[in-house]
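See below for upload-v6.pdb, which holds PDB, C-alpha atoms.
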```
ATOM      1  CA  MET A   1      97.936 135.909  94.828  1.00  0.00           C
ATOM      2  CA  ARG A   2      98.141 133.906  91.627  1.00  0.00           C
ATOM      3  CA  ARG A   3     101.945 134.178  91.593  1.00  0.00           C
ATOM      4  CA  LEU A   4     102.086 132.933  95.177  1.00  0.00           C
ATOM      5  CA  ALA A   5      99.964 129.910  94.298  1.00  0.00           C
ATOM      6  CA  LEU A   6     102.158 129.125  91.268  1.00  0.00           C
ATOM      7  CA  ALA A   7     105.304 129.496  93.369  1.00  0.00           C
ATOM      8  CA  LEU A   8     103.859 127.152  96.001  1.00  0.00           C
ATOM      9  CA  VAL A   9     102.949 124.529  93.381  1.00  0.00           C
ATOM     10  CA  ALA A  10     106.427 124.786  91.855  1.00  0.00           C
ATOM     11  CA  ALA A  11     108.085 124.442  95.276  1.00  0.00           C
ATOM     12  CA  LEU A  12     106.004 121.361  96.103  1.00  0.00           C
ATOM     13  CA  ALA A  13     106.843 119.788  92.732  1.00  0.00           C
ATOM     14  CA  LEU A  14     110.557 120.413  93.280  1.00  0.00           C
ATOM     15  CA  ALA A  15     110.360 118.988  96.805  1.00  0.00           C
ATOM     16  CA  ARG A  16     108.679 115.814  95.517  1.00  0.00           C
ATOM     17  CA  ALA A  17     111.244 115.449  92.745  1.00  0.00           C
ATOM     18  CA  ALA A  18     114.089 115.900  95.223  1.00  0.00           C
ATOM     19  CA  GLU A  19     112.545 113.359  97.606  1.00  0.00           C
ATOM     20  CA  ALA A  20     112.145 110.842  94.773  1.00  0.00           C
ATOM     21  CA  ALA A  21     115.817 111.330  93.896  1.00  0.00           C
ATOM     22  CA  LEU A  22     116.960 110.379  97.404  1.00  0.00           C
ATOM     23  CA  PRO A  23     118.639 106.973  97.740  1.00  0.00           C
ATOM     24  CA  ALA A  24     117.074 104.016  99.512  1.00  0.00           C
ATOM     25  CA  PRO A  25     117.640 104.001 103.282  1.00  0.00           C
ATOM     26  CA  PRO A  26     120.188 101.701 104.922  1.00  0.00           C
ATOM     27  CA  PHE A  27     117.308  99.901 106.694  1.00  0.00           C
ATOM     28  CA  ALA A  28     114.365  97.931 105.289  1.00  0.00           C
ATOM     29  CA  LEU A  29     110.905  97.881 106.889  1.00  0.00           C
ATOM     30  CA  ASP A  30     108.639  94.860 106.703  1.00  0.00           C
ATOM     31  CA  VAL A  31     105.204  94.471 108.297  1.00  0.00           C
ATOM     32  CA  THR A  32     103.456  91.097 108.306  1.00  0.00           C
ATOM     33  CA  PRO A  33     100.643  90.505 107.878  1.00  0.00           C
ATOM     34  CA  ALA A  34      99.658  93.638 105.983  1.00  0.00           C
ATOM     35  CA  ARG A  35      95.963  93.063 106.821  1.00  0.00           C
ATOM     36  CA  VAL A  36      94.789  92.196 110.340  1.00  0.00           C
ATOM     37  CA  PRO A  37      91.541  92.077 112.300  1.00  0.00           C
ATOM     38  CA  ALA A  38      91.136  94.883 114.842  1.00  0.00           C
ATOM     39  CA  GLY A  39      93.073  94.182 118.032  1.00  0.00           C
ATOM     40  CA  GLN A  40      95.448  91.663 116.447  1.00  0.00           C
ATOM     41  CA  PRO A  41      99.225  92.292 116.349  1.00  0.00           C
ATOM     42  CA  VAL A  42     101.492  92.640 113.350  1.00  0.00           C
ATOM     43  CA  ARG A  43     105.184  91.783 113.182  1.00  0.00           C
ATOM     44  CA  LEU A  44     107.437  94.784 112.571  1.00  0.00           C
ATOM     45  CA  ALA A  45     110.879  93.967 111.208  1.00  0.00           C
ATOM     46  CA  ILE A  46     113.533  96.603 110.540  1.00  0.00           C
ATOM     47  CA  THR A  47     116.521  95.038 108.822  1.00  0.00           C
ATOM     48  CA  PRO A  48     119.873  96.826 108.459  1.00  0.00           C
ATOM     49  CA  ARG A  49     121.326  96.798 104.945  1.00  0.00           C
ATOM     50  CA  GLY A  50     124.911  97.603 105.951  1.00  0.00           C
ATOM     51  CA  GLY A  51     126.996 100.688 106.507  1.00  0.00           C
ATOM     52  CA  GLU A  52     129.046 102.354 109.209  1.00  0.00           C
ATOM     53  CA  SER A  53     127.081 105.494 110.036  1.00  0.00           C
ATOM     54  CA  THR A  54     124.806 105.863 113.049  1.00  0.00           C
ATOM     55  CA  PHE A  55     121.121 106.670 112.526  1.00  0.00           C
ATOM     56  CA  ASP A  56     117.912 107.427 114.366  1.00  0.00           C
ATOM     57  CA  LEU A  57     114.869 105.513 113.088  1.00  0.00           C
ATOM     58  CA  TYR A  58     111.393 107.002 113.213  1.00  0.00           C
ATOM     59  CA  LEU A  59     108.136 105.248 112.390  1.00  0.00           C
ATOM     60  CA  MET A  60     105.633 107.892 111.315  1.00  0.00           C
ATOM     61  CA  TRP A  61     101.982 107.946 110.318  1.00  0.00           C
ATOM     62  CA  ALA A  62     102.562 109.020 106.715  1.00  0.00           C
ATOM     63  CA  LEU A  63     100.393 111.025 104.341  1.00  0.00           C
ATOM     64  CA  SER A  64      98.831 113.074 107.118  1.00  0.00           C
ATOM     65  CA  PRO A  65      98.948 116.842 107.620  1.00  0.00           C
ATOM     66  CA  GLU A  66      99.898 116.329 111.266  1.00  0.00           C
ATOM     67  CA  ALA A  67     102.846 114.229 112.315  1.00  0.00           C
ATOM     68  CA  ALA A  68     102.403 111.183 114.534  1.00  0.00           C
ATOM     69  CA  PHE A  69     105.319 109.048 115.673  1.00  0.00           C
ATOM     70  CA  LEU A  70     105.168 105.451 116.872  1.00  0.00           C
ATOM     71  CA  THR A  71     107.014 105.117 120.169  1.00  0.00           C
ATOM     72  CA  PRO A  72     109.009 102.008 121.127  1.00  0.00           C
ATOM     73  CA  GLU A  73     106.125 101.146 123.486  1.00  0.00           C
ATOM     74  CA  GLY A  74     103.659 101.083 120.562  1.00  0.00           C
ATOM     75  CA  ALA A  75     101.765 104.320 121.287  1.00  0.00           C
ATOM     76  CA  TRP A  76     101.386 107.334 119.007  1.00  0.00           C
ATOM     77  CA  SER A  77     103.078 110.614 119.932  1.00  0.00           C
ATOM     78  CA  PRO A  78     102.523 114.042 118.344  1.00  0.00           C
ATOM     79  CA  ARG A  79     106.195 114.878 118.964  1.00  0.00           C
ATOM     80  CA  PRO A  80     109.201 113.229 117.318  1.00  0.00           C
ATOM     81  CA  VAL A  81     110.123 110.101 119.264  1.00  0.00           C
ATOM     82  CA  ALA A  82     112.760 107.814 117.792  1.00  0.00           C
ATOM     83  CA  PHE A  83     111.598 104.235 117.450  1.00  0.00           C
ATOM     84  CA  ARG A  84     115.274 103.362 117.797  1.00  0.00           C
ATOM     85  CA  ALA A  85     118.109 105.859 118.279  1.00  0.00           C
ATOM     86  CA  GLY A  86     121.811 105.606 117.568  1.00  0.00           C
ATOM     87  CA  LEU A  87     121.729 102.446 115.433  1.00  0.00           C
ATOM     88  CA  ARG A  88     124.448 101.319 113.082  1.00  0.00           C
ATOM     89  CA  ALA A  89     123.278 100.097 109.715  1.00  0.00           C
ATOM     90  CA  ALA A  90     125.357  96.943 110.143  1.00  0.00           C
ATOM     91  CA  GLY A  91     123.622  95.637 113.262  1.00  0.00           C
ATOM     92  CA  GLU A  92     121.067  92.963 113.988  1.00  0.00           C
ATOM     93  CA  PRO A  93     117.456  93.164 112.736  1.00  0.00           C
ATOM     94  CA  ILE A  94     114.914  94.775 115.036  1.00  0.00           C
ATOM     95  CA  VAL A  95     111.813  92.619 115.367  1.00  0.00           C
ATOM     96  CA  GLY A  96     108.755  93.350 117.462  1.00  0.00           C
ATOM     97  CA  ARG A  97     105.005  92.997 117.696  1.00  0.00           C
ATOM     98  CA  TRP A  98     102.586  95.907 117.549  1.00  0.00           C
ATOM     99  CA  VAL A  99      98.807  96.160 117.658  1.00  0.00           C
ATOM    100  CA  PRO A 100      97.965  98.741 114.972  1.00  0.00           C
ATOM    101  CA  GLY A 101      95.336 101.347 115.528  1.00  0.00           C
ATOM    102  CA  PRO A 102      93.350 103.459 115.298  1.00  0.00           C
ATOM    103  CA  GLY A 103      91.904 103.445 111.840  1.00  0.00           C
ATOM    104  CA  ARG A 104      91.239 101.182 108.951  1.00  0.00           C
ATOM    105  CA  ASP A 105      94.334 101.951 106.867  1.00  0.00           C
ATOM    106  CA  ILE A 106      97.613 103.014 108.415  1.00  0.00           C
ATOM    107  CA  PRO A 107     100.321 104.298 106.084  1.00  0.00           C
ATOM    108  CA  LEU A 108     103.475 103.679 108.117  1.00  0.00           C
ATOM    109  CA  ALA A 109     106.744 105.303 107.036  1.00  0.00           C
ATOM    110  CA  LEU A 110     110.253 104.482 108.189  1.00  0.00           C
ATOM    111  CA  VAL A 111     112.233 107.726 108.253  1.00  0.00           C
ATOM    112  CA  VAL A 112     115.985 107.304 108.684  1.00  0.00           C
ATOM    113  CA  VAL A 113     117.950 110.395 109.730  1.00  0.00           C
ATOM    114  CA  PRO A 114     121.537 110.828 110.917  1.00  0.00           C
ATOM    115  CA  ALA A 115     121.822 110.413 114.694  1.00  0.00           C
ATOM    116  CA  GLY A 116     120.444 113.529 116.373  1.00  0.00           C
ATOM    117  CA  GLY A 117     118.750 114.723 113.159  1.00  0.00           C
ATOM    118  CA  ASP A 118     115.249 116.195 112.969  1.00  0.00           C
ATOM    119  CA  PRO A 119     112.762 113.865 111.237  1.00  0.00           C
ATOM    120  CA  LEU A 120     110.448 116.817 110.502  1.00  0.00           C
ATOM    121  CA  ALA A 121     113.127 118.693 108.510  1.00  0.00           C
ATOM    122  CA  ARG A 122     112.388 117.079 105.154  1.00  0.00           C
ATOM    123  CA  PHE A 123     114.966 119.249 103.392  1.00  0.00           C
ATOM    124  CA  ALA A 124     117.657 117.595 105.527  1.00  0.00           C
ATOM    125  CA  TRP A 125     116.640 113.995 104.764  1.00  0.00           C
ATOM    126  CA  THR A 126     119.424 111.999 103.157  1.00  0.00           C
ATOM    127  CA  TYR A 127     117.285 108.910 102.416  1.00  0.00           C
ATOM    128  CA  ARG A 128     113.776 108.524 101.067  1.00  0.00           C
ATOM    129  CA  PRO A 129     111.204 107.155 103.520  1.00  0.00           C
ATOM    130  CA  THR A 130     110.066 103.551 103.227  1.00  0.00           C
ATOM    131  CA  LEU A 131     106.287 103.332 103.126  1.00  0.00           C
ATOM    132  CA  VAL A 132     104.139 100.306 104.028  1.00  0.00           C
ATOM    133  CA  ARG A 133     100.377 100.107 104.441  1.00  0.00           C
ATOM    134  CA  ILE A 134      98.614  98.215 107.179  1.00  0.00           C
ATOM    135  CA  SER A 135      94.912  97.486 106.789  1.00  0.00           C
ATOM    136  CA  VAL A 136      92.913  96.949 109.965  1.00  0.00           C
ATOM    137  CA  ASP A 137      89.611  95.129 109.506  1.00  0.00           C
ATOM    138  CA  VAL A 138      87.272  96.991 111.836  1.00  0.00           C
ATOM    139  CA  PRO A 139      84.188  94.946 112.781  1.00  0.00           C
ATOM    140  CA  ALA A 140      80.952  96.216 111.331  1.00  0.00           C
ATOM    141  CA  ALA A 141      78.792  98.279 113.622  1.00  0.00           C
ATOM    142  CA  ARG A 142      76.029  96.315 115.299  1.00  0.00           C
ATOM    143  CA  ALA A 143      72.562  96.818 113.887  1.00  0.00           C
ATOM    144  CA  PRO A 144      70.460  99.317 115.797  1.00  0.00           C
ATOM    145  CA  LEU A 145      67.515  98.049 117.821  1.00  0.00           C
ATOM    146  CA  ASP A 146      64.539  97.517 115.491  1.00  0.00           C
ATOM    147  CA  VAL A 147      61.653  99.015 117.455  1.00  0.00           C
ATOM    148  CA  ARG A 148      59.117  98.312 114.697  1.00  0.00           C
ATOM    149  CA  GLY A 149      59.993  94.628 114.824  1.00  0.00           C
ATOM    150  CA  LEU A 150      59.749  94.508 118.632  1.00  0.00           C
ATOM    151  CA  ALA A 151      56.504  96.511 118.942  1.00  0.00           C
ATOM    152  CA  PRO A 152      54.191  93.590 117.986  1.00  0.00           C
ATOM    153  CA  LEU A 153      55.991  91.318 120.457  1.00  0.00           C
ATOM    154  CA  ALA A 154      55.623  93.888 123.226  1.00  0.00           C
ATOM    155  CA  ALA A 155      51.904  94.318 122.436  1.00  0.00           C
ATOM    156  CA  LEU A 156      51.358  90.553 122.431  1.00  0.00           C
ATOM    157  CA  THR A 157      53.140  90.287 125.798  1.00  0.00           C
ATOM    158  CA  LEU A 158      50.902  92.977 127.304  1.00  0.00           C
ATOM    159  CA  VAL A 159      47.756  91.264 125.966  1.00  0.00           C
ATOM    160  CA  ALA A 160      48.910  87.930 127.428  1.00  0.00           C
ATOM    161  CA  CYS A 161      49.533  89.572 130.820  1.00  0.00           C
ATOM    162  CA  ALA A 162      46.078  91.180 130.757  1.00  0.00           C
ATOM    163  CA  VAL A 163      44.415  87.865 129.904  1.00  0.00           C
ATOM    164  CA  VAL A 164      46.209  86.128 132.781  1.00  0.00           C
ATOM    165  CA  LEU A 165      45.239  88.899 135.219  1.00  0.00           C
ATOM    166  CA  LEU A 166      41.575  89.035 134.138  1.00  0.00           C
ATOM    167  CA  ALA A 167      41.061  85.283 133.737  1.00  0.00           C
ATOM    168  CA  GLY A 168      42.988  84.537 136.924  1.00  0.00           C
ATOM    169  CA  ARG A 169      40.989  86.994 139.138  1.00  0.00           C
ATOM    170  CA  PRO A 170      38.303  84.434 140.156  1.00  0.00           C
ATOM    171  CA  PHE A 171      41.019  82.077 141.335  1.00  0.00           C
ATOM    172  CA  LEU A 172      42.639  84.762 143.534  1.00  0.00           C
ATOM    173  CA  GLY A 173      39.730  84.772 145.898  1.00  0.00           C
TER     174      GLY A 173
END
```
Using the file provided, produce a representation of the structure as structure tokens.
Amino acid sequence: MRRLALALVAALALARAAEAALPAPPFALDVTPARVPAGQPVRLAITPRGGESTFDLYLMWALSPEAAFLTPEGAWSPRPVAFRAGLRAAGEPIVGRWVPGPGRDIPLALVVVPAGGDPLARFAWTYRPTLVRISVDVPAARAPLDVRGLAPLAALTLVACAVVLLAGRPFLG
């Protein structure tokens, strides 16, 4: 069991070292602003850096045990969905608006794979992912109803109603 654990740690260390050694992707990812109030959009910009090959671009929720992919429509998918497929690295920038959510912090990764490649096959990646963080300011939860503060007001209201009913009885006939 101990050997298996050591082998797993060694494999993970080698995988991280190999990933760090990968070159920068032929596309840059920029998100502005990096901090937004809940429900407000951000500007996503994917800028080609040049090259002749064709690539599929995936925007993934990074640093999570389960994969989530941002679709071109702005929704999350548990299955690989290319944000853009079949792009040349010498084309025009891709610019769009997206309302981030859910969550407070969203680590968004641009994964660039050769056209038709599998974004989940990390061993086949030829470029390191580009990681950006988006912070969503979630409004604070509303304070719960303070029953102890309202109890005296409710009691005073009941006393006032009783006084009106009792003092007003002679006038009712």
Convert the output of the PyMOL selection byres ((chain A and resi 81-84) around 7) on the shown file into explicit residues, formatted as a PyMOL selection string.
chain A and resi 56-59+69-72+79-80+85-87
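Minimum atom-to-atom distance to Val132 in chain A, evaluated using all atoms listed in the file, belongs to A:Ala45 out of A:Leu22, A:Ala45, A:Val163, A:Ala75.
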With the PyMOL selection byres ((chain A and resi 92) around 8) as the selection, what would be picked from this file? Answer as a list in words, please.
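Matching residues under the PyMOL selection byres ((chain A and resi 92) around 8) are Thr47, Pro48, Ala90, Gly91, Pro93 and Ile94 of chain A.
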Counting all atoms listed in the file, what is within 9 Å of Asp105 in chain A, bar same-chain residues fewer than 6 positions away, as a ChimeraX atom specification?
/A:133-137
Can you pull out the residues contacting Ser53 in chain A? Cut-off 8 Å, using all atoms listed in the file, and skip same-chain residues under 6 positions away; I want them as a list in words.
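Within the cut-off, the hits are Arg88, Ala89 and Pro114 of chain A.
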Would you mind exporting C-alpha atoms of the selected residues as a short mmCIF file (atom, residue, chain, number, x, y, z; two decimals), in the coordinates of the input?
```cif
data_model
loop_
_atom_site.label_atom_id
_atom_site.label_comp_id
_atom_site.auth_asym_id
_atom_site.auth_seq_id
_atom_site.Cartn_x
_atom_site.Cartn_y
_atom_site.Cartn_z
CA ARG A 88 124.45 101.32 113.08
CA ALA A 89 123.28 100.10 109.72
CA PRO A 114 121.54 110.83 110.92
#
```
With all atoms listed in the file as the counted atoms, please give the residues lying no more than 10 Å from Val138 in chain A, apart from itself and same-chain residues fewer than 2 positions off, as a PyMOL selection string.
chain A and resi 36-39+101-105+135-136+140-141
Between CA of Tyr127 in chain A and CA of Pro41 in chain A, distance in Å (one decimal):
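Spanning CA of Tyr127 in chain A to CA of Pro41 in chain A is a straight-line distance of 28.2 Å.
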Surrounding residues of Ala62 in chain A excluding itself and chain neighbours under 4 positions, 10 Å, only C-alpha atoms, as a compact mmCIF listing (two decimals) with C-alpha atoms, in the frame of the given file:
```
# COMPACT_ATOMS: atom_id res chain seq x y z
CA GLU A 66 99.90 116.33 111.27
CA ALA A 67 102.85 114.23 112.32
CA ALA A 68 102.40 111.18 114.53
CA PHE A 69 105.32 109.05 115.67
CA ILE A 106 97.61 103.01 108.42
CA PRO A 107 100.32 104.30 106.08
CA LEU A 108 103.48 103.68 108.12
CA ALA A 109 106.74 105.30 107.04
CA LEU A 110 110.25 104.48 108.19
CA VAL A 111 112.23 107.73 108.25
CA PRO A 129 111.20 107.16 103.52
CA THR A 130 110.07 103.55 103.23
CA LEU A 131 106.29 103.33 103.13
CA VAL A 132 104.14 100.31 104.03
CA ARG A 133 100.38 100.11 104.44
```
At a cut-off of 8 Å, using all atoms listed in the file, what residues contact Trp98 in chain A? Leave out same-chain residues fewer than 6 positions from it and give the result as a CSV table (one decimal) with C-alpha atoms, in the coordinates of the input.
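Writing the result to around-v1.csv gives the following:
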```csv
chain,number,residue,atom,x,y,z
A,41,PRO,CA,99.2,92.3,116.3
A,42,VAL,CA,101.5,92.6,113.4
A,43,ARG,CA,105.2,91.8,113.2
A,44,LEU,CA,107.4,94.8,112.6
A,74,GLY,CA,103.7,101.1,120.6
```
May I ask for the distance between CA of Ala28 in chain A and CA of Arg49 in chain A, given in Å to one decimal place?
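Separation of CA of Ala28 in chain A and CA of Arg49 in chain A: 7.1 Å.
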Which is closer to Gly96 in chain A than all the others in A:Ala154, A:Pro139, A:Leu29, A:Asp146, using only C-alpha atoms?
A:Leu29
Can you tell me how far CA of Ala124 in chain A sits from CA of Trp76 in chain A, in Å to one decimal?
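Between these atoms lies a distance of 23.5 Å.
With only C-alpha atoms as the atoms that count, the minimum distance from Gly51 in chain A to the choices A:Leu63, A:Pro25, A:Asp30, A:Trp125 is reached by A:Pro25.
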